[in-house]
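**Student:** Could you have a look at this structure, given as structure tokens, before my questions?
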Amino acid sequence: METCHVCGKPLDGVNQAICFTCHRPFHLPTRVDSEVDLCGRMWMDNESLGLGFTCEACARESEARYPPTGPVGV
Ligand SMILES: [Zn+2]
Ligand SMILES: [Zn+2]
């Protein structure tokens, strides 16, 4: 069985997504009533207008590289 590479718990094959950046599976609740942890982010790709998925590990890494608060030291 595949496991979520963010929290290390098993995946159920339904409530999961593949990370756009590292291509590894992680927990993403696809149903409102599911009791699965959210181990990543969902975002809209402006170019393809499709949904993209990024695991929490890659999301934090990209935030560290590109802080969402804008230019530093202004
Ligand atoms: Zn997880
Ligand atoms: Zn990732």
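Labels for the structure tokens follow display order: chains A, B, ..., residues from 1 in each chain, ligands from 1.
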Restrict the calculation to only C-alpha atoms and all ligand atoms, then for each residue of chain A with any atom at most 10 Å from an atom of ligand 2 give the closest atom pair and their distance in Å to one decimal, rows by chain and rising residue number, as CSV.

**Tutor:**
residue,atom,partner,partner_atom_place_in_ligand_line,distance
A:His5,CA,ligand 2,1 (Zn),8.2
A:Val6,CA,ligand 2,1 (Zn),8.2
A:Ile18,CA,ligand 2,1 (Zn),7.9
A:Cys19,CA,ligand 2,1 (Zn),4.6
A:Phe20,CA,ligand 2,1 (Zn),6.6
A:Thr21,CA,ligand 2,1 (Zn),5.1
A:Cys22,CA,ligand 2,1 (Zn),4.1
A:His23,CA,ligand 2,1 (Zn),6.3
A:Arg24,CA,ligand 2,1 (Zn),6.0
A:Pro25,CA,ligand 2,1 (Zn),7.9
A:Phe26,CA,ligand 2,1 (Zn),8.1
A:Cys39,CA,ligand 2,1 (Zn),9.8
A:Gly40,CA,ligand 2,1 (Zn),8.2
A:Arg41,CA,ligand 2,1 (Zn),9.9
A:Phe53,CA,ligand 2,1 (Zn),8.6
A:Thr54,CA,ligand 2,1 (Zn),5.6
A:Cys55,CA,ligand 2,1 (Zn),4.3
A:Glu56,CA,ligand 2,1 (Zn),6.8
A:Ala57,CA,ligand 2,1 (Zn),5.7
A:Cys58,CA,ligand 2,1 (Zn),4.4
A:Ala59,CA,ligand 2,1 (Zn),7.3
A:Arg60,CA,ligand 2,1 (Zn),9.5
A:Glu61,CA,ligand 2,1 (Zn),9.1

**Student:** Could the residues that lie within 8 Å of ligand 1, counting only C-alpha atoms and all ligand atoms, be listed as a short mmCIF file (atom, residue, chain, number, x, y, z; two decimals) with N, CA and C atoms, in the first residue's frame?

**Tutor:**
data_model
loop_
_atom_site.label_atom_id
_atom_site.label_comp_id
_atom_site.auth_asym_id
_atom_site.auth_seq_id
_atom_site.Cartn_x
_atom_site.Cartn_y
_atom_site.Cartn_z
N THR A 3 2.00 5.02 0.84
CA THR A 3 1.88 5.87 2.01
C THR A 3 2.09 7.33 1.62
N CYS A 4 1.50 8.20 2.43
CA CYS A 4 1.67 9.63 2.23
C CYS A 4 3.10 10.00 2.61
N HIS A 5 3.80 10.69 1.74
CA HIS A 5 5.19 10.97 2.05
C HIS A 5 5.34 12.18 2.97
N VAL A 6 4.22 12.85 3.27
CA VAL A 6 4.28 13.98 4.21
C VAL A 6 4.16 13.49 5.65
N CYS A 7 3.12 12.68 5.93
CA CYS A 7 2.90 12.23 7.31
C CYS A 7 3.25 10.75 7.51
N GLY A 8 3.46 10.00 6.41
CA GLY A 8 3.89 8.62 6.53
C GLY A 8 2.78 7.62 6.78
N LYS A 9 1.51 8.09 6.83
CA LYS A 9 0.38 7.19 7.05
C LYS A 9 -0.10 6.62 5.71
N PRO A 10 -0.77 5.44 5.75
CA PRO A 10 -1.23 4.84 4.50
C PRO A 10 -2.30 5.66 3.79
N LEU A 11 -2.30 5.54 2.46
CA LEU A 11 -3.30 6.21 1.63
C LEU A 11 -4.42 5.24 1.32
N PHE A 26 0.21 12.20 -1.63
CA PHE A 26 -0.03 12.73 -0.28
C PHE A 26 -1.53 12.79 -0.04
N HIS A 27 -1.93 12.98 1.24
CA HIS A 27 -3.34 13.02 1.61
C HIS A 27 -4.02 14.30 1.14
N LEU A 28 -5.11 14.14 0.45
CA LEU A 28 -5.93 15.29 0.07
C LEU A 28 -7.38 14.82 0.10
N VAL A 36 -9.80 12.37 6.32
CA VAL A 36 -8.39 12.30 5.95
C VAL A 36 -7.72 13.63 6.23
N ASP A 37 -6.49 13.57 6.70
CA ASP A 37 -5.73 14.79 6.93
C ASP A 37 -5.44 15.47 5.60
N LEU A 38 -5.26 16.76 5.64
CA LEU A 38 -4.83 17.50 4.46
C LEU A 38 -3.32 17.69 4.56
N CYS A 39 -2.59 17.02 3.69
CA CYS A 39 -1.13 17.06 3.76
C CYS A 39 -0.53 17.86 2.61
#

**Student:** If you measure from atom CA of A:Gly13 to atom CA of A:Leu49, what distance in Å do you get, rounded to one decimal?

**Tutor:**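 Atom CA of A:Leu49 lies at a distance of 24.8 Å from atom CA of A:Gly13.
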
**Student:** For the structure I just gave you, how does DSSP split chain A - specifically, which residues are strand (DSSP E)? Reply as a list in words.

**Tutor:** Gln16, Ala17, Ile18, Pro25, Phe26, His27, Gly40, Arg41, Met42, Trp43, Met44, Leu51, Gly52, Phe53, Thr54 and Cys55 of chain A

**Student:** Could you go through chain A and tell me which residues DSSP, when run on the backbone, assigns to alpha helix (DSSP H), listing them as a PyMOL selection string?

**Tutor:** chain A and resi 56-65

**Student:** Pick the closest to A:Leu51 from A:Ala17, A:Arg31, A:Arg65, A:Met1: which is it, counting only C-alpha atoms?

**Tutor:**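 Closest candidate: A:Ala17.
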